[in-house]
file start22.cif (mmCIF, C-alpha atoms)
data_input
loop_
_atom_site.label_atom_id
_atom_site.label_comp_id
_atom_site.auth_asym_id
_atom_site.auth_seq_id
_atom_site.Cartn_x
_atom_site.Cartn_y
_atom_site.Cartn_z
CA MET A 877 157.29 151.35 -23.20
CA ASP A 878 155.11 152.71 -20.46
CA MET A 879 152.65 149.88 -20.99
CA GLN A 880 155.40 147.31 -20.52
CA ARG A 881 156.47 148.95 -17.31
CA ILE A 882 152.91 148.97 -16.10
CA GLY A 883 152.52 145.29 -16.99
CA VAL A 884 155.71 144.30 -15.24
CA SER A 885 154.73 146.37 -12.23
CA CYS A 886 151.34 144.72 -12.06
CA LEU A 887 152.86 141.27 -12.45
CA SER A 888 155.32 142.05 -9.71
CA GLY A 889 152.50 143.23 -7.43
CA VAL A 890 150.45 140.09 -8.03
CA SER A 891 153.42 137.90 -7.23
CA THR A 892 153.98 139.73 -4.01
CA VAL A 893 150.36 139.26 -2.99
CA ILE A 894 150.50 135.56 -3.84
CA LEU A 895 153.71 135.14 -1.90
CA CYS A 896 152.19 136.96 1.05
CA LEU A 897 149.10 134.76 0.96
CA VAL A 898 151.21 131.63 0.73
CA SER A 899 153.36 132.88 3.59
CA VAL A 900 150.31 133.56 5.76
CA ILE A 901 148.86 130.15 4.96
CA CYS A 902 152.16 128.45 5.75
CA VAL A 903 152.56 130.34 9.00
CA ASN A 904 149.02 129.48 10.08
CA ALA A 905 149.59 125.83 9.25
CA GLN A 906 152.53 125.49 11.69
CA CYS A 907 152.17 123.87 15.14
CA GLU A 908 153.58 125.22 18.35
CA ARG A 909 155.55 122.83 20.56
CA PRO A 910 152.86 120.61 22.12
CA ILE A 911 151.84 120.92 25.76
CA LEU A 912 151.24 117.40 27.01
CA GLU A 913 149.07 116.09 29.82
CA PRO A 914 150.71 114.95 33.07
CA GLY A 915 152.45 111.63 32.63
CA PHE A 916 153.64 112.32 29.04
CA VAL A 917 156.91 113.87 27.83
CA LEU A 918 158.42 114.55 24.39
CA THR A 919 161.44 112.75 23.11
CA GLU A 920 164.58 114.81 22.57
CA ASP A 921 163.57 115.88 19.02
CA GLY A 922 160.55 117.68 20.39
CA TYR A 923 162.71 120.17 22.29
CA LYS A 924 164.95 121.26 19.38
CA LYS A 925 162.58 123.95 18.09
CA ASP A 926 159.46 125.83 19.09
CA LYS A 927 157.41 125.57 15.85
CA PHE A 928 156.76 122.68 13.53
CA PRO A 929 155.34 122.76 9.97
CA SER A 930 152.15 120.96 9.14
CA GLY A 931 152.76 117.26 8.63
CA SER A 932 155.57 117.11 11.19
CA SER A 933 155.52 114.20 13.62
CA LEU A 934 156.91 113.85 17.11
CA SER A 935 157.27 111.00 19.54
CA VAL A 936 155.99 111.10 23.12
CA LYS A 937 156.72 108.71 25.95
CA CYS A 938 155.62 108.03 29.50
CA GLY A 939 157.18 110.45 31.95
CA GLU A 940 159.26 109.67 35.01
CA GLY A 941 157.25 107.70 37.52
CA TYR A 942 154.86 106.39 34.86
CA SER A 943 154.83 103.14 32.91
CA LYS A 944 153.33 102.35 29.48
CA ILE A 945 150.12 100.38 29.30
CA ARG A 946 149.43 100.41 25.55
CA GLY A 947 148.98 102.65 22.48
CA ASN A 948 150.98 104.59 19.86
CA SER A 949 153.48 107.23 20.93
CA THR A 950 153.43 109.34 17.69
CA ILE A 951 151.60 112.67 17.27
CA VAL A 952 151.26 114.63 13.99
CA CYS A 953 150.90 118.37 13.27
CA ASP A 954 147.71 118.61 11.24
CA ASP A 955 146.83 122.09 9.98
CA GLY A 956 148.15 123.79 13.10
CA ASN A 957 146.92 121.19 15.63
CA TRP A 958 148.58 118.13 17.07
CA THR A 959 146.77 114.85 17.00
CA SER A 960 146.16 113.14 20.36
CA PRO A 961 148.45 110.24 21.25
CA THR A 962 146.87 106.84 21.79
CA LEU A 963 149.59 106.07 24.29
CA LYS A 964 148.25 105.19 27.77
CA CYS A 965 150.43 105.57 30.87
CA LYS A 966 149.83 104.86 34.55
CA LYS A 967 151.61 105.86 37.74
CA LYS A 968 154.14 103.39 39.07
CA SER A 969 153.44 101.87 42.49
CA CYS A 970 156.06 101.90 45.22
CA GLY A 971 154.34 99.05 47.05
CA SER A 972 154.14 98.81 50.83
CA PRO A 973 155.99 101.58 52.68
CA GLY A 974 157.04 99.07 55.36
CA GLU A 975 155.97 98.09 58.87
CA VAL A 976 156.38 100.49 61.78
CA ILE A 977 157.09 98.66 65.04
CA ASN A 978 154.64 99.90 67.70
CA GLY A 979 153.02 102.12 65.08
CA TYR A 980 151.66 102.27 61.53
CA PHE A 981 151.70 104.21 58.24
CA ASN A 982 148.68 106.22 57.12
CA SER A 983 148.55 105.45 53.38
CA SER A 984 145.08 106.83 52.67
CA GLY A 985 146.60 108.90 49.82
CA GLY A 986 147.78 105.77 48.02
CA THR A 987 151.22 104.29 47.40
CA GLU A 988 151.74 105.37 43.79
CA PHE A 989 154.23 107.82 42.32
CA GLY A 990 153.97 111.22 44.03
CA ALA A 991 152.16 109.91 47.12
CA THR A 992 153.28 110.64 50.69
CA VAL A 993 152.62 108.35 53.64
CA TYR A 994 152.91 109.45 57.27
CA ALA A 995 154.01 107.34 60.25
CA HIS A 996 152.10 107.33 63.53
CA CYS A 997 153.03 105.68 66.83
CA ASN A 998 150.78 103.84 69.24
CA GLN A 999 149.86 105.61 72.47
CA GLY A 1000 152.84 105.88 74.78
CA PHE A 1001 155.42 105.72 71.97
CA GLU A 1002 157.28 108.40 70.00
CA ILE A 1003 158.74 108.60 66.47
CA VAL A 1004 162.46 108.08 65.98
CA GLY A 1005 163.55 109.00 62.43
CA THR A 1006 161.72 110.71 59.56
CA ALA A 1007 157.97 110.58 60.11
CA TYR A 1008 157.06 110.32 56.40
CA ARG A 1009 158.06 108.59 53.15
CA GLN A 1010 157.46 109.76 49.55
CA CYS A 1011 156.99 107.59 46.48
CA TYR A 1012 159.49 108.61 43.78
CA ALA A 1013 160.32 106.96 40.46
CA PHE A 1014 163.08 104.95 42.17
CA GLY A 1015 160.87 103.94 45.15
CA TRP A 1016 160.30 105.19 48.70
CA THR A 1017 162.44 107.93 50.19
CA HIS A 1018 163.91 107.70 53.71
CA ARG A 1019 164.05 104.67 55.96
CA VAL A 1020 161.15 103.23 57.90
CA PRO A 1021 161.03 105.07 61.25
CA THR A 1022 160.67 103.31 64.58
CA CYS A 1023 158.49 103.99 67.58
CA GLU A 1024 160.16 103.87 70.98
CA ILE A 1025 158.37 103.85 74.31
CA LEU A 1026 158.13 107.23 76.03
CA LYS A 1027 160.26 107.85 79.09
CA CYS A 1028 159.63 110.18 82.00
CA GLY A 1029 162.24 111.96 84.07
CA ASP A 1030 163.13 111.08 87.65
CA PRO A 1031 160.02 111.16 89.87
CA PRO A 1032 160.09 114.24 92.11
CA GLU A 1033 160.75 114.06 95.84
CA ILE A 1034 158.10 115.47 98.20
CA ASP A 1035 158.51 117.21 101.56
CA ASN A 1036 157.74 115.09 104.62
CA GLY A 1037 157.25 112.06 102.38
CA ARG A 1038 159.13 109.43 100.39
CA ILE A 1039 158.83 107.08 97.42
CA ILE A 1040 157.96 103.58 98.59
CA SER A 1041 157.58 101.89 95.18
CA SER A 1042 159.10 102.58 91.75
CA PRO A 1043 160.32 100.53 88.74
CA SER A 1044 163.93 99.38 88.78
CA LYS A 1045 164.94 101.29 85.63
CA GLU A 1046 167.15 104.26 84.85
CA PHE A 1047 164.04 106.23 83.89
CA PRO A 1048 160.39 105.26 84.31
CA GLU A 1049 158.60 104.42 81.07
CA TYR A 1050 155.06 104.93 79.84
CA GLY A 1051 152.61 103.17 82.16
CA ASP A 1052 155.06 102.75 85.07
CA VAL A 1053 153.65 103.54 88.53
CA ILE A 1054 155.41 105.39 91.37
CA GLU A 1055 153.91 105.30 94.87
CA TYR A 1056 154.40 107.78 97.73
CA ALA A 1057 153.86 107.68 101.49
CA CYS A 1058 154.10 110.38 104.16
CA GLU A 1059 156.18 110.46 107.30
CA LYS A 1060 154.53 109.83 110.67
CA ASN A 1061 151.94 112.41 111.73
CA TYR A 1062 151.61 113.69 108.14
CA PHE A 1063 148.67 113.18 105.82
CA LEU A 1064 148.94 112.60 102.06
CA PHE A 1065 146.91 115.03 99.95
CA GLY A 1066 146.16 113.74 96.44
CA LYS A 1067 146.64 110.27 94.99
CA ALA A 1068 149.38 108.12 96.47
CA GLN A 1069 150.26 106.73 93.01
CA ILE A 1070 151.42 108.67 89.95
CA VAL A 1071 151.77 107.23 86.44
CA CYS A 1072 154.18 108.05 83.61
CA ASN A 1073 151.66 109.12 80.97
CA GLU A 1074 151.62 109.43 77.17
CA ASN A 1075 153.04 112.96 77.33
CA GLY A 1076 156.15 111.89 79.22
CA THR A 1077 154.94 113.58 82.41
CA TYR A 1078 153.51 112.43 85.74
CA GLY A 1079 150.53 114.71 86.14
CA SER A 1080 149.58 115.87 89.64
CA ILE A 1081 152.15 115.14 92.38
CA PRO A 1082 150.82 114.46 95.93
CA THR A 1083 151.90 116.46 98.97
CA CYS A 1084 152.26 115.65 102.67
CA GLY A 1085 150.70 118.07 105.13
CA GLU A 1086 150.36 118.25 108.90
CA ILE A 1087 146.95 117.46 110.40
CA ASN A 1088 145.69 118.88 113.72
CA CYS A 1089 142.33 117.77 115.08
CA PRO A 1090 140.60 119.95 117.71
CA PRO A 1091 140.27 118.52 121.24
CA PRO A 1092 136.96 116.63 121.56
CA GLN A 1093 134.29 118.25 123.73
CA VAL A 1094 132.44 115.60 125.73
CA GLU A 1095 130.38 117.09 128.55
CA ASN A 1096 130.39 114.91 131.69
CA GLY A 1097 132.89 112.67 129.91
CA ILE A 1098 136.20 111.27 131.10
CA ARG A 1099 139.17 110.52 128.81
CA THR A 1100 139.97 106.84 129.32
CA GLY A 1101 142.63 106.36 126.64
CA GLY A 1102 144.96 108.28 124.35
CA GLY A 1103 146.98 111.34 125.18
CA PRO A 1104 146.30 115.03 125.67
CA PRO A 1105 146.30 117.60 122.82
CA PRO A 1106 147.67 118.36 120.31
CA TYR A 1107 146.11 115.59 118.27
CA LYS A 1108 148.11 114.85 115.10
CA TYR A 1109 147.24 112.57 112.21
CA LYS A 1110 146.27 109.06 113.42
CA SER A 1111 146.23 110.12 117.08
CA PHE A 1112 143.43 108.49 119.05
CA VAL A 1113 141.49 109.18 122.21
CA SER A 1114 138.78 107.22 124.03
CA TYR A 1115 136.09 108.39 126.44
CA GLY A 1116 133.83 107.15 129.20
CA CYS A 1117 131.24 108.96 131.31
CA LYS A 1118 131.05 110.06 134.92
CA LEU A 1119 129.06 108.04 137.43
CA GLY A 1120 125.38 108.46 136.79
CA TYR A 1121 125.83 108.99 133.04
CA THR A 1122 125.69 106.63 130.06
CA LEU A 1123 127.81 107.10 126.90
CA GLU A 1124 126.08 107.32 123.53
CA GLY A 1125 128.12 107.03 120.31
CA SER A 1126 131.61 105.71 119.62
CA ASP A 1127 133.88 105.67 122.66
CA GLN A 1128 137.05 105.91 120.49
CA LEU A 1129 138.02 108.69 118.06
CA VAL A 1130 140.88 108.70 115.52
CA CYS A 1131 142.31 111.86 113.94
CA GLU A 1132 142.01 111.38 110.15
CA GLY A 1133 142.86 113.58 107.18
CA ASP A 1134 139.42 115.19 107.20
CA GLY A 1135 138.99 115.41 110.99
CA TRP A 1136 137.86 112.99 113.67
CA SER A 1137 136.71 109.56 112.55
CA HIS A 1138 133.35 109.84 114.39
CA GLU A 1139 131.14 112.46 115.91
CA PHE A 1140 131.90 113.29 119.52
CA PRO A 1141 130.09 110.93 121.92
CA LYS A 1142 127.56 112.23 124.44
CA CYS A 1143 127.01 111.40 128.08
CA ARG A 1144 123.33 111.13 128.97
CA LYS A 1145 122.25 111.38 132.60
CA ASP A 1146 120.85 108.14 133.91
CA GLU A 1147 117.14 108.19 134.77
CA VAL A 1148 116.51 107.44 138.50
CA ILE A 1149 113.51 105.14 139.04
CA PRO A 1150 112.06 105.32 142.63
CA PRO A 1151 111.56 101.95 144.44
CA ARG A 1152 108.06 100.46 144.20
CA ARG A 1153 106.04 100.51 147.47
CA THR A 1154 104.13 97.30 148.51
CA SER A 1155 101.29 97.21 151.24
CA THR A 1156 101.19 94.20 153.67
CA ALA A 1157 98.35 93.41 156.13
CA SER A 1158 99.35 93.27 159.79
CA PRO A 1159 98.41 90.02 161.62
CA ASN A 1160 95.32 90.41 163.76
CA THR A 1161 96.62 89.48 167.18
CA SER A 1162 93.52 90.66 168.95
CA THR A 1163 91.43 87.75 167.73
CA GLY A 1164 94.01 85.18 168.75
CA ALA A 1165 93.35 83.34 165.47
CA THR A 1166 95.94 80.74 164.51
CA THR A 1167 96.44 78.68 161.39
CA SER A 1168 96.35 74.95 161.74
CA SER A 1169 96.79 72.01 159.33
CA PRO A 1170 93.68 70.13 158.40
CA PRO A 1171 93.22 66.96 160.43
CA VAL A 1172 94.34 63.73 158.83
CA SER A 1173 91.55 61.22 158.53
CA GLY A 1174 92.32 57.85 160.16
CA GLY A 1175 90.31 55.97 157.53
CA ASP A 1176 92.43 57.35 154.72
CA THR A 1177 95.62 56.23 156.45
CA HIS A 1178 94.47 52.63 156.77
CA LYS A 1179 93.36 52.67 153.15
CA ASN A 1180 96.78 53.73 151.93
CA ILE A 1181 98.53 51.01 153.96
CA GLY A 1182 96.26 48.35 152.46
CA ILE A 1183 97.03 49.42 148.92
CA ALA A 1184 100.77 49.26 149.59
CA CYS A 1185 100.54 45.76 151.02
CA GLY A 1186 98.54 44.55 148.03
CA ILE A 1187 101.14 45.83 145.61
CA ALA A 1188 103.97 44.13 147.56
CA ILE A 1189 102.15 40.74 147.57
CA ALA A 1190 101.53 40.99 143.80
CA VAL A 1191 105.23 41.65 143.11
CA LEU A 1192 106.34 38.70 145.28
CA SER A 1193 103.86 36.38 143.54
CA LEU A 1194 105.21 37.42 140.14
CA ILE A 1195 108.78 36.69 141.24
CA CYS A 1196 107.81 33.21 142.49
CA CYS A 1197 106.11 32.36 139.22
CA VAL A 1198 109.18 33.37 137.26
CA CYS A 1199 111.44 31.21 139.44
CA VAL A 1200 109.19 28.12 139.06
CA TYR A 1201 109.07 28.58 135.30
CA CYS A 1202 112.83 28.80 135.02
CA LYS A 1203 113.32 25.66 137.20
CA ASN A 1204 110.88 23.58 135.13
CA LYS A 1205 112.57 24.66 131.92
CA LYS A 1206 115.97 23.48 133.18
CA GLY A 1207 114.53 20.10 134.30
#
call {"tool": "encode", "arguments": {"input": "start22.cif", "output": "structure tokens"}}
result
Amino acid sequence: MDMQRIGVSCLSGVSTVILCLVSVICVNAQCERPILEPGFVLTEDGYKKDKFPSGSSLSVKCGEGYSKIRGNSTIVCDDGNWTSPTLKCKKKSCGSPGEVINGYFNSSGGTEFGATVYAHCNQGFEIVGTAYRQCYAFGWTHRVPTCEILKCGDPPEIDNGRIISSPSKEFPEYGDVIEYACEKNYFLFGKAQIVCNENGTYGSIPTCGEINCPPPQVENGIRTGGGPPPYKYKSFVSYGCKLGYTLEGSDQLVCEGDGWSHEFPKCRKDEVIPPRRTSTASPNTSTGATTSSPPVSGGDTHKNIGIACGIAIAVLSLICCVCVYCKNKKG
């Protein structure tokens, strides 16, 4: 009786061990729910439980934003490990994000699913709308933004000056030029023209200031034109010199923004040259000497008369010959 009990007990113990071993083997042979690479997802059956016995099969497919290229979509639990799918998927392309007027999209990151492109405007323009688009499974998000030209505010007024040129618009735009001028007797400091720049500002604004030039100092000089001090911007004065002095330099000065237009002239004293003395010999009256013309030779006079007569006779003879020749030719 005791032996039977011992035998049954032993048999029961062996069965328990075998069952335990089988249980351990079965547990080890199960597969956990597979973790797939990006671009793959399980079908609905794969999400119904967390563990799958050896030999179980599941179907995978391309995820959202991906499209199938080729291959089998089935994976199998083999001794605790899932086989790799032969399915190949690729990201879908959203194509061109569109054309930005007066700008462009930076698509260096691609135009496939998950990519983001950013819009940029040309210089002097600004974005209106969302400055980026993202590639989703359904296509691009947001609308294509636009780039509008930058505008500046009203150009500022300046004291003692005025605007003499500006565009005929409600507000100046990028690149527009505004020009200033000063009132009479005022000088413009800075550039007369300002430009609406790419930041929507004008930069440095000119100012109009009063100019006073000091009275010129011209020793031995006389003011010949212009008025007395004070000398304002663009006032002029001209100078000459006193008698006995000569002016060197410009005789006219104009009051400019940085002072007088020329250096002050100078009056140099004229150099006096004494008259040159000449010595003349006094006539010697004591000797009673007188000057007389040389006597004319009588022979020379007769010779000259003879030559003149000879010339006259030769001329008359020539005239007679010509007359005879002409008469014979007519006959």
call {"tool": "residues_around", "arguments": {"input": "start22.cif", "residues": "range 1137-1145 of chain A", "least_positions_apart": "3", "cutoff": "12 Å", "atoms": "all atoms listed in the file", "output": "short mmCIF file (atom, residue, chain, number, x, y, z; two decimals) with C-alpha atoms, in the coordinates of the input"}}
result
data_model
loop_
_atom_site.label_atom_id
_atom_site.label_comp_id
_atom_site.auth_asym_id
_atom_site.auth_seq_id
_atom_site.Cartn_x
_atom_site.Cartn_y
_atom_site.Cartn_z
CA CYS A 1089 142.33 117.77 115.08
CA PRO A 1090 140.60 119.95 117.71
CA PRO A 1091 140.27 118.52 121.24
CA PRO A 1092 136.96 116.63 121.56
CA GLN A 1093 134.29 118.25 123.73
CA VAL A 1094 132.44 115.60 125.73
CA GLU A 1095 130.38 117.09 128.55
CA ASN A 1096 130.39 114.91 131.69
CA GLY A 1097 132.89 112.67 129.91
CA ILE A 1098 136.20 111.27 131.10
CA ARG A 1099 139.17 110.52 128.81
CA TYR A 1109 147.24 112.57 112.21
CA LYS A 1110 146.27 109.06 113.42
CA SER A 1111 146.23 110.12 117.08
CA PHE A 1112 143.43 108.49 119.05
CA VAL A 1113 141.49 109.18 122.21
CA SER A 1114 138.78 107.22 124.03
CA TYR A 1115 136.09 108.39 126.44
CA GLY A 1116 133.83 107.15 129.20
CA CYS A 1117 131.24 108.96 131.31
CA LYS A 1118 131.05 110.06 134.92
CA LEU A 1119 129.06 108.04 137.43
CA GLY A 1120 125.38 108.46 136.79
CA TYR A 1121 125.83 108.99 133.04
CA THR A 1122 125.69 106.63 130.06
CA LEU A 1123 127.81 107.10 126.90
CA GLU A 1124 126.08 107.32 123.53
CA GLY A 1125 128.12 107.03 120.31
CA SER A 1126 131.61 105.71 119.62
CA ASP A 1127 133.88 105.67 122.66
CA GLN A 1128 137.05 105.91 120.49
CA LEU A 1129 138.02 108.69 118.06
CA VAL A 1130 140.88 108.70 115.52
CA CYS A 1131 142.31 111.86 113.94
CA GLU A 1132 142.01 111.38 110.15
CA GLY A 1133 142.86 113.58 107.18
CA ASP A 1134 139.42 115.19 107.20
CA VAL A 1148 116.51 107.44 138.50
#
call {"tool": "resolve_selection", "arguments": {"input": "start22.cif", "expression": "the PyMOL selection byres ((chain A and resi 1004) around 9)", "output": "ChimeraX atom specification"}}
result
/A:1002-1003,1005-1007,1021-1024
call {"tool": "resolve_selection", "arguments": {"input": "start22.cif", "expression": "the PyMOL selection byres ((chain A and resi 1067) around 10)", "output": "list in words"}}
result
Glu1055, Tyr1056, Leu1064, Phe1065, Gly1066, Ala1068, Gln1069, Ile1070, Ser1080, Ile1081, Pro1082 and Thr1083 of chain A
call {"tool": "closest_residue", "arguments": {"input": "start22.cif", "among": "A:Gly1029, A:Gly941, A:Gly1085, A:Pro1105", "to": "Glu1059 in chain A", "atoms": "all atoms listed in the file"}}
result
A:Gly1085
call {"tool": "residues_around", "arguments": {"input": "start22.cif", "residues": "range 917-922 of chain A", "least_positions_apart": "4", "cutoff": "8 Å", "atoms": "all atoms listed in the file", "output": "ChimeraX atom specification"}}
result
/A:909,912,934-939
call {"tool": "residues_around", "arguments": {"input": "start22.cif", "residues": "range 970-987 of chain A", "least_positions_apart": "3", "cutoff": "6 Å", "atoms": "all atoms listed in the file", "output": "list in words"}}
result
Ala991, Val993, Tyr994, Ala995, His996, Cys997, Asn998, Cys1011, Gly1015, Thr1022 and Cys1023 of chain A
call {"tool": "atom_distance", "arguments": {"input": "start22.cif", "atom1": "CA of Leu963 in chain A", "atom2": "CA of Cys907 in chain A"}}
result
20.2 Å
call {"tool": "resolve_selection", "arguments": {"input": "start22.cif", "expression": "the PyMOL selection byres ((chain A and resi 942) around 7)", "output": "CSV table (one decimal) with C-alpha atoms, keeping the file's coordinate frame"}}
result
chain,number,residue,atom,x,y,z
A,915,GLY,CA,152.4,111.6,32.6
A,938,CYS,CA,155.6,108.0,29.5
A,939,GLY,CA,157.2,110.4,32.0
A,940,GLU,CA,159.3,109.7,35.0
A,941,GLY,CA,157.2,107.7,37.5
A,943,SER,CA,154.8,103.1,32.9
A,944,LYS,CA,153.3,102.4,29.5
A,965,CYS,CA,150.4,105.6,30.9
A,966,LYS,CA,149.8,104.9,34.6
A,967,LYS,CA,151.6,105.9,37.7
A,968,LYS,CA,154.1,103.4,39.1
call {"tool": "residues_around", "arguments": {"input": "start22.cif", "residues": "Glu1049 in chain A", "least_positions_apart": "6", "cutoff": "6 Å", "atoms": "only C-alpha atoms", "output": "PDB file with C-alpha atoms, keeping the file's coordinate frame"}}
result
ATOM      1  CA  LEU A1026     158.130 107.230  76.030  1.00  0.00           C
ATOM      2  CA  LYS A1027     160.260 107.850  79.090  1.00  0.00           C
ATOM      3  CA  CYS A1028     159.630 110.180  82.000  1.00  0.00           C
TER       4      CYS A1028
END
call {"tool": "residues_near_point", "arguments": {"input": "start22.cif", "point": "(150.5, 108.8, 24.5)", "cutoff": "6 Å", "atoms": "all atoms listed in the file", "output": "list in words"}}
result
Ser949, Pro961, Thr962, Leu963 and Lys964 of chain A
call {"tool": "axis_aligned_box", "arguments": {"input": "start22.cif", "around": "range 1048-1051 of chain A", "padding_each_side": "6 Å", "output": "lines of an AutoDock Vina configuration file"}}
result
center_x = 156.5
center_y = 104.2
center_z = 82.1
size_x = 19.8
size_y = 14.1
size_z = 16.5
call {"tool": "closest_residue", "arguments": {"input": "start22.cif", "among": "A:Trp958, A:Tyr1078, A:Tyr1012, A:Tyr923", "to": "Ile1054 in chain A", "atoms": "all atoms listed in the file"}}
result
A:Tyr1078
call {"tool": "atom_distance", "arguments": {"input": "start22.cif", "atom1": "CA of Ser930 in chain A", "atom2": "CA of Arg946 in chain A"}}
result
26.4 Å
call {"tool": "atom_distance", "arguments": {"input": "start22.cif", "atom1": "CA of Ser969 in chain A", "atom2": "CA of Thr1017 in chain A"}}
result
13.3 Å
call {"tool": "residues_around", "arguments": {"input": "start22.cif", "residues": "Glu1074 in chain A", "least_positions_apart": "2", "cutoff": "7 Å", "atoms": "only C-alpha atoms", "output": "PyMOL selection string"}}
result
chain A and resi 999-1000+1026+1050+1076
call {"tool": "closest_residue", "arguments": {"input": "start22.cif", "among": "A:Tyr1107, A:Val1053, A:Arg1019, A:Glu913", "to": "Asn1088 in chain A", "atoms": "only C-alpha atoms"}}
result
A:Tyr1107
call {"tool": "decode", "arguments": {"input": "start22.cif", "residues": "range 1022-1041 of chain A", "atoms": "N, CA and C atoms", "output": "CSV table (one decimal), in the first residue's frame"}}
result
chain,number,residue,atom,x,y,z
A,1022,THR,N,3.0,85.1,-50.0
A,1022,THR,CA,3.4,86.1,-51.0
A,1022,THR,C,4.4,87.0,-50.4
A,1023,CYS,N,5.1,87.7,-51.2
A,1023,CYS,CA,6.1,88.7,-50.8
A,1023,CYS,C,5.7,90.1,-51.3
A,1024,GLU,N,5.4,91.0,-50.4
A,1024,GLU,CA,5.0,92.3,-50.8
A,1024,GLU,C,6.1,93.3,-50.6
A,1025,ILE,N,6.2,94.3,-51.4
A,1025,ILE,CA,7.3,95.3,-51.3
A,1025,ILE,C,7.1,96.1,-49.9
A,1026,LEU,N,8.3,96.3,-49.3
A,1026,LEU,CA,8.3,97.0,-48.1
A,1026,LEU,C,7.9,98.5,-48.2
A,1027,LYS,N,7.2,99.0,-47.2
A,1027,LYS,CA,6.8,100.4,-47.3
A,1027,LYS,C,7.4,101.1,-46.1
A,1028,CYS,N,7.8,102.4,-46.3
A,1028,CYS,CA,8.3,103.2,-45.2
A,1028,CYS,C,7.2,104.2,-44.8
A,1029,GLY,N,7.3,104.8,-43.6
A,1029,GLY,CA,6.4,105.7,-43.1
A,1029,GLY,C,6.6,107.1,-43.8
A,1030,ASP,N,5.8,108.1,-43.4
A,1030,ASP,CA,5.9,109.4,-44.0
A,1030,ASP,C,7.3,109.9,-43.8
A,1031,PRO,N,8.0,110.5,-44.8
A,1031,PRO,CA,9.3,111.1,-44.5
A,1031,PRO,C,9.2,112.2,-43.5
A,1032,PRO,N,10.2,112.3,-42.6
A,1032,PRO,CA,10.1,113.4,-41.6
A,1032,PRO,C,10.4,114.8,-42.1
A,1033,GLU,N,9.7,115.7,-41.5
A,1033,GLU,CA,10.0,117.1,-41.8
A,1033,GLU,C,11.3,117.6,-41.1
A,1034,ILE,N,12.0,118.6,-41.6
A,1034,ILE,CA,13.2,119.1,-41.0
A,1034,ILE,C,13.1,120.6,-40.7
A,1035,ASP,N,13.7,121.0,-39.6
A,1035,ASP,CA,13.6,122.5,-39.3
A,1035,ASP,C,14.4,123.3,-40.3
A,1036,ASN,N,13.9,124.4,-40.7
A,1036,ASN,CA,14.5,125.3,-41.7
A,1036,ASN,C,14.8,124.7,-43.0
A,1037,GLY,N,14.0,123.6,-43.4
A,1037,GLY,CA,14.2,123.0,-44.6
A,1037,GLY,C,12.9,122.4,-45.1
A,1038,ARG,N,12.9,121.8,-46.3
A,1038,ARG,CA,11.6,121.3,-46.9
A,1038,ARG,C,12.0,120.1,-47.8
A,1039,ILE,N,10.9,119.3,-48.1
A,1039,ILE,CA,11.1,118.2,-49.1
A,1039,ILE,C,10.8,118.8,-50.5
A,1040,ILE,N,11.7,118.6,-51.4
A,1040,ILE,CA,11.6,119.2,-52.7
A,1040,ILE,C,11.3,118.1,-53.8
A,1041,SER,N,11.4,116.8,-53.4
A,1041,SER,CA,11.1,115.7,-54.3
A,1041,SER,C,10.7,114.5,-53.5
